[in-house]
Amino acid sequence: MIANRIKFACLALVLILSGCSTPKSQWTQPPMAVPFQPTIQQQIQLARIDQLLQRDDLDNETLAQVYYERGLLHDSLGLRDLARLDFNQSLSLKPNQPDVFNILGVYFTQGAHFDAAYEAFDSTLELNVRHPFAQRNRGIALYYGGRYDLALEDLNAHYQQNINDPYRVIWLYLTELEQDPETAAEKLRNRYNAATDNNDWGWQIVRLYLEDVSESEFLRQIATESEDNDVLAERLTEAYFYLGKRYHHNKDFSSALMLYKLTLSGNVYEFVEHRFALLELNRLMAEVSINQPITPPAEPAEEV
């Protein structure tokens with residue numbers, strides 16, 4: 001019943017959006033999900049780990065694993081400074097952990113410490129050349145560091161491992177857009193056509209970038225097809241981030257600013273899109289001159 005009410009409310013908001021007449025006015029009443037909150041299971045798990053760490057009979061390898069698991073829990077709750085302390089403690093007890101280097105690399109990327117991020121991802125791949133995320137994450141770090149040629153090498157190699165993953169296609173497109181906007185869309189279309197299975201919801205973002213679906217229809221589908229609030233929050237986190245990237249690229253800074261803030265609103269801390277929304281906000285503000293402040297979106301015109 002609650003999920004149906006949420007769907008209905010979001011659908012009503014999307015219908016309002018679809019009636020707006022200008023790009024900026026459509027973001028005055030965006031669809032929202034109930035933000036993620038700490039669950040009782042997470043809180044109990046955290047309390048149990050804290051009790052476990054009070055024992056004095058754990059060897060270093062076990063302690064390293066416990067600190068790593070508590071770090072993941074802190075990370076899922078958005079407590080990233082505490083998570084980083086746990087990951088560093090785990091690494092000091094057991095230095096050969098590719099997963100720990102990988103997530104620390106993501107944290108370094110979030111903080112725009114790109115050289116440290118590259119080193120962390122290099123360490124991950126030295127320890128596990130087949131790590132499922134390190135090459136992608138290094139490619140994203142290189143993208144944010146402005147090293148687009150190297151980013152394309154990593155992201156293209158990652159894409160070749162699974163051409164049916166829409167998010168690999170999206171990050172390749174975003175990087176190519178910085179180098180050659182004229183051919184980026186064509187390459188995006190070719191990769192979309194090359195996919196043998198494009199039923200994953202993420203392909204809808206690709207269709208949005210290809211302009212095969214309108215923004216209002218894109219949001220309408222999220223509202224009507226999300227099974228519950230968790231799915232709604234996750235999809236809106238992705239939707240607002242990649243919409244923000246498009247508005248940002250087109251120099252519509254006020255819309256991009258709002259969309260990045262909306263990306264953060266669902267508290268979906270573990271998603272890449274949430275992780276990099278703050279970084280995008282900082283990049284956006286750096287692009288805006290102090291003499292050209294961001295203006296709020298225009299009010300929607302009254303219907304006659």
# chains A, B, ... in the order shown; residues from 1 in each chain; ligands from 1

call {"tool": "residues_around", "arguments": {"residues": "Gln110 of chain A", "least_positions_apart": "6", "cutoff": "10 Å", "atoms": "only C-alpha atoms", "output": "PDB file with C-alpha atoms, in the first residue's frame"}}
result
ATOM      1  CA  LEU A 104      40.295   3.656  -0.845  1.00  0.00           C
ATOM      2  CA  ALA A 117      43.675   7.212  -6.437  1.00  0.00           C
ATOM      3  CA  ALA A 141      39.512   8.604 -11.706  1.00  0.00           C
ATOM      4  CA  TYR A 144      37.977  13.252 -13.427  1.00  0.00           C
ATOM      5  CA  VAL A 272      28.837   5.392  -7.829  1.00  0.00           C
ATOM      6  CA  ARG A 275      29.698   8.974  -4.507  1.00  0.00           C
ATOM      7  CA  PHE A 276      30.665  11.384  -7.278  1.00  0.00           C
ATOM      8  CA  ALA A 277      27.790  13.863  -7.045  1.00  0.00           C
ATOM      9  CA  LEU A 278      29.664  16.019  -4.520  1.00  0.00           C
ATOM     10  CA  LEU A 279      32.755  15.949  -6.712  1.00  0.00           C
ATOM     11  CA  GLU A 280      30.598  17.098  -9.618  1.00  0.00           C
TER      12      GLU A 280
END

call {"tool": "residues_around", "arguments": {"residues": "Trp171 of chain A", "least_positions_apart": "2", "cutoff": "9 Å", "atoms": "only C-alpha atoms", "output": "list of chain:residue names"}}
result
A:Arg136, A:Gly139, A:Ile140, A:Leu155, A:Pro166, A:Tyr167, A:Arg168, A:Val169, A:Tyr173, A:Leu174, A:Thr175, A:Glu176

call {"tool": "write_last_selection", "arguments": {"atoms": "N, CA, C and O atoms", "output": "PDB file, in the first residue's frame"}}
result
ATOM      1  N   ARG A 136      37.623  -0.154 -14.053  1.00  0.00           N
ATOM      2  CA  ARG A 136      36.598   0.870 -14.275  1.00  0.00           C
ATOM      3  C   ARG A 136      36.828   2.073 -13.371  1.00  0.00           C
ATOM      4  O   ARG A 136      36.777   3.230 -13.821  1.00  0.00           O
ATOM      5  N   GLY A 139      39.640   4.119 -14.485  1.00  0.00           N
ATOM      6  CA  GLY A 139      39.233   4.891 -15.655  1.00  0.00           C
ATOM      7  C   GLY A 139      38.428   6.116 -15.272  1.00  0.00           C
ATOM      8  O   GLY A 139      38.624   7.211 -15.837  1.00  0.00           O
ATOM      9  N   ILE A 140      37.521   5.972 -14.304  1.00  0.00           N
ATOM     10  CA  ILE A 140      36.729   7.118 -13.848  1.00  0.00           C
ATOM     11  C   ILE A 140      37.618   8.148 -13.161  1.00  0.00           C
ATOM     12  O   ILE A 140      37.455   9.357 -13.355  1.00  0.00           O
ATOM     13  N   LEU A 155      38.528   2.320 -19.658  1.00  0.00           N
ATOM     14  CA  LEU A 155      37.087   2.164 -19.789  1.00  0.00           C
ATOM     15  C   LEU A 155      36.718   1.324 -21.013  1.00  0.00           C
ATOM     16  O   LEU A 155      35.740   0.569 -20.975  1.00  0.00           O
ATOM     17  N   PRO A 166      25.214  -1.471 -19.490  1.00  0.00           N
ATOM     18  CA  PRO A 166      24.963  -0.095 -19.945  1.00  0.00           C
ATOM     19  C   PRO A 166      25.852   0.941 -19.278  1.00  0.00           C
ATOM     20  O   PRO A 166      26.182   1.966 -19.889  1.00  0.00           O
ATOM     21  N   TYR A 167      26.255   0.696 -18.043  1.00  0.00           N
ATOM     22  CA  TYR A 167      27.045   1.702 -17.325  1.00  0.00           C
ATOM     23  C   TYR A 167      28.468   1.782 -17.874  1.00  0.00           C
ATOM     24  O   TYR A 167      29.090   2.854 -17.848  1.00  0.00           O
ATOM     25  N   ARG A 168      28.989   0.695 -18.395  1.00  0.00           N
ATOM     26  CA  ARG A 168      30.286   0.737 -19.076  1.00  0.00           C
ATOM     27  C   ARG A 168      30.175   1.580 -20.344  1.00  0.00           C
ATOM     28  O   ARG A 168      31.086   2.340 -20.689  1.00  0.00           O
ATOM     29  N   VAL A 169      29.052   1.455 -21.023  1.00  0.00           N
ATOM     30  CA  VAL A 169      28.801   2.246 -22.231  1.00  0.00           C
ATOM     31  C   VAL A 169      28.667   3.729 -21.883  1.00  0.00           C
ATOM     32  O   VAL A 169      29.211   4.597 -22.576  1.00  0.00           O
ATOM     33  N   TYR A 173      31.037   6.885 -23.066  1.00  0.00           N
ATOM     34  CA  TYR A 173      30.429   8.020 -23.777  1.00  0.00           C
ATOM     35  C   TYR A 173      30.788   9.339 -23.101  1.00  0.00           C
ATOM     36  O   TYR A 173      31.163  10.318 -23.775  1.00  0.00           O
ATOM     37  N   LEU A 174      30.681   9.415 -21.782  1.00  0.00           N
ATOM     38  CA  LEU A 174      30.983  10.656 -21.068  1.00  0.00           C
ATOM     39  C   LEU A 174      32.433  11.083 -21.283  1.00  0.00           C
ATOM     40  O   LEU A 174      32.729  12.280 -21.411  1.00  0.00           O
ATOM     41  N   THR A 175      33.329  10.098 -21.346  1.00  0.00           N
ATOM     42  CA  THR A 175      34.742  10.417 -21.582  1.00  0.00           C
ATOM     43  C   THR A 175      34.966  10.864 -23.022  1.00  0.00           C
ATOM     44  O   THR A 175      35.674  11.850 -23.279  1.00  0.00           O
ATOM     45  N   GLU A 176      34.363  10.166 -23.963  1.00  0.00           N
ATOM     46  CA  GLU A 176      34.499  10.543 -25.372  1.00  0.00           C
ATOM     47  C   GLU A 176      33.866  11.898 -25.643  1.00  0.00           C
ATOM     48  O   GLU A 176      34.326  12.642 -26.511  1.00  0.00           O
TER      49      GLU A 176
END

call {"tool": "closest_atom_pairs", "arguments": {"of": "segment 116-221 of chain A", "to": "segment 29-51 of chain A", "cutoff": "12 Å", "atoms": "only C-alpha atoms", "output": "Markdown table"}}
result
| residue | atom | partner | partner_atom | distance |
| --- | --- | --- | --- | --- |
| A:Glu215 | CA | A:Pro30 | CA | 11.5 |
| A:Ser216 | CA | A:Pro30 | CA | 10.4 |
| A:Phe218 | CA | A:Pro31 | CA | 11.6 |
| A:Leu219 | CA | A:Pro31 | CA | 7.8 |
| A:Arg220 | CA | A:Pro31 | CA | 9.2 |
| A:Gln221 | CA | A:Pro31 | CA | 11.5 |

call {"tool": "residues_around", "arguments": {"residues": "segment 118-128 of chain A", "least_positions_apart": "5", "cutoff": "8 Å", "atoms": "only C-alpha atoms", "output": "PyMOL selection string"}}
result
chain A and resi 96-99+101-102+104-105+134-135+137-138+141-142

call {"tool": "decode", "arguments": {"residues": "segment 153-177 of chain A", "atoms": "N, CA, C and O atoms", "output": "tab-separated table (two decimals), in the first residue's frame"}}
result
chain	number	residue	atom	x	y	z
A	153	GLU	N	41.45	4.12	-22.37
A	153	GLU	CA	42.08	2.79	-22.41
A	153	GLU	C	41.46	1.88	-21.37
A	153	GLU	O	41.09	0.73	-21.66
A	154	ASP	N	41.33	2.38	-20.14
A	154	ASP	CA	40.75	1.56	-19.07
A	154	ASP	C	39.27	1.29	-19.31
A	154	ASP	O	38.81	0.15	-19.18
A	155	LEU	N	38.53	2.32	-19.66
A	155	LEU	CA	37.09	2.16	-19.79
A	155	LEU	C	36.72	1.32	-21.01
A	155	LEU	O	35.74	0.57	-20.97
A	156	ASN	N	37.50	1.43	-22.07
A	156	ASN	CA	37.23	0.61	-23.24
A	156	ASN	C	37.54	-0.86	-22.96
A	156	ASN	O	36.80	-1.76	-23.36
A	157	ALA	N	38.66	-1.11	-22.27
A	157	ALA	CA	39.01	-2.50	-21.91
A	157	ALA	C	37.94	-3.08	-20.99
A	157	ALA	O	37.55	-4.25	-21.13
A	158	HIS	N	37.44	-2.28	-20.06
A	158	HIS	CA	36.38	-2.73	-19.17
A	158	HIS	C	35.10	-3.00	-19.95
A	158	HIS	O	34.40	-4.00	-19.69
A	159	TYR	N	34.79	-2.16	-20.91
A	159	TYR	CA	33.60	-2.36	-21.74
A	159	TYR	C	33.68	-3.65	-22.55
A	159	TYR	O	32.70	-4.39	-22.66
A	160	GLN	N	34.86	-3.94	-23.09
A	160	GLN	CA	35.02	-5.14	-23.92
A	160	GLN	C	34.76	-6.42	-23.13
A	160	GLN	O	34.40	-7.45	-23.71
A	161	GLN	N	34.92	-6.36	-21.82
A	161	GLN	CA	34.67	-7.53	-21.00
A	161	GLN	C	33.18	-7.86	-20.88
A	161	GLN	O	32.81	-8.98	-20.58
A	162	ASN	N	32.34	-6.86	-21.11
A	162	ASN	CA	30.88	-7.08	-21.06
A	162	ASN	C	30.19	-5.95	-21.81
A	162	ASN	O	29.88	-4.90	-21.24
A	163	ILE	N	29.92	-6.18	-23.09
A	163	ILE	CA	29.33	-5.13	-23.92
A	163	ILE	C	27.84	-4.94	-23.62
A	163	ILE	O	27.22	-4.01	-24.15
A	164	ASN	N	27.28	-5.78	-22.76
A	164	ASN	CA	25.86	-5.66	-22.41
A	164	ASN	C	25.63	-4.89	-21.11
A	164	ASN	O	24.50	-4.82	-20.63
A	165	ASP	N	26.70	-4.32	-20.56
A	165	ASP	CA	26.58	-3.52	-19.34
A	165	ASP	C	26.38	-2.05	-19.73
A	165	ASP	O	27.31	-1.43	-20.27
A	166	PRO	N	25.21	-1.47	-19.49
A	166	PRO	CA	24.96	-0.10	-19.94
A	166	PRO	C	25.85	0.94	-19.28
A	166	PRO	O	26.18	1.97	-19.89
A	167	TYR	N	26.25	0.70	-18.04
A	167	TYR	CA	27.04	1.70	-17.33
A	167	TYR	C	28.47	1.78	-17.87
A	167	TYR	O	29.09	2.85	-17.85
A	168	ARG	N	28.99	0.70	-18.40
A	168	ARG	CA	30.29	0.74	-19.08
A	168	ARG	C	30.17	1.58	-20.34
A	168	ARG	O	31.09	2.34	-20.69
A	169	VAL	N	29.05	1.46	-21.02
A	169	VAL	CA	28.80	2.25	-22.23
A	169	VAL	C	28.67	3.73	-21.88
A	169	VAL	O	29.21	4.60	-22.58
A	170	ILE	N	27.98	4.02	-20.80
A	170	ILE	CA	27.73	5.41	-20.41
A	170	ILE	C	29.03	6.13	-20.06
A	170	ILE	O	29.28	7.25	-20.51
A	171	TRP	N	29.90	5.47	-19.27
A	171	TRP	CA	31.14	6.15	-18.87
A	171	TRP	C	32.10	6.30	-20.05
A	171	TRP	O	32.85	7.29	-20.12
A	172	LEU	N	32.07	5.37	-20.97
A	172	LEU	CA	32.85	5.55	-22.20
A	172	LEU	C	32.34	6.78	-22.97
A	172	LEU	O	33.13	7.60	-23.45
A	173	TYR	N	31.04	6.88	-23.07
A	173	TYR	CA	30.43	8.02	-23.78
A	173	TYR	C	30.79	9.34	-23.10
A	173	TYR	O	31.16	10.32	-23.78
A	174	LEU	N	30.68	9.42	-21.78
A	174	LEU	CA	30.98	10.66	-21.07
A	174	LEU	C	32.43	11.08	-21.28
A	174	LEU	O	32.73	12.28	-21.41
A	175	THR	N	33.33	10.10	-21.35
A	175	THR	CA	34.74	10.42	-21.58
A	175	THR	C	34.97	10.86	-23.02
A	175	THR	O	35.67	11.85	-23.28
A	176	GLU	N	34.36	10.17	-23.96
A	176	GLU	CA	34.50	10.54	-25.37
A	176	GLU	C	33.87	11.90	-25.64
A	176	GLU	O	34.33	12.64	-26.51
A	177	LEU	N	32.85	12.24	-24.89
A	177	LEU	CA	32.19	13.53	-25.05
A	177	LEU	C	33.16	14.68	-24.73
A	177	LEU	O	33.04	15.76	-25.30
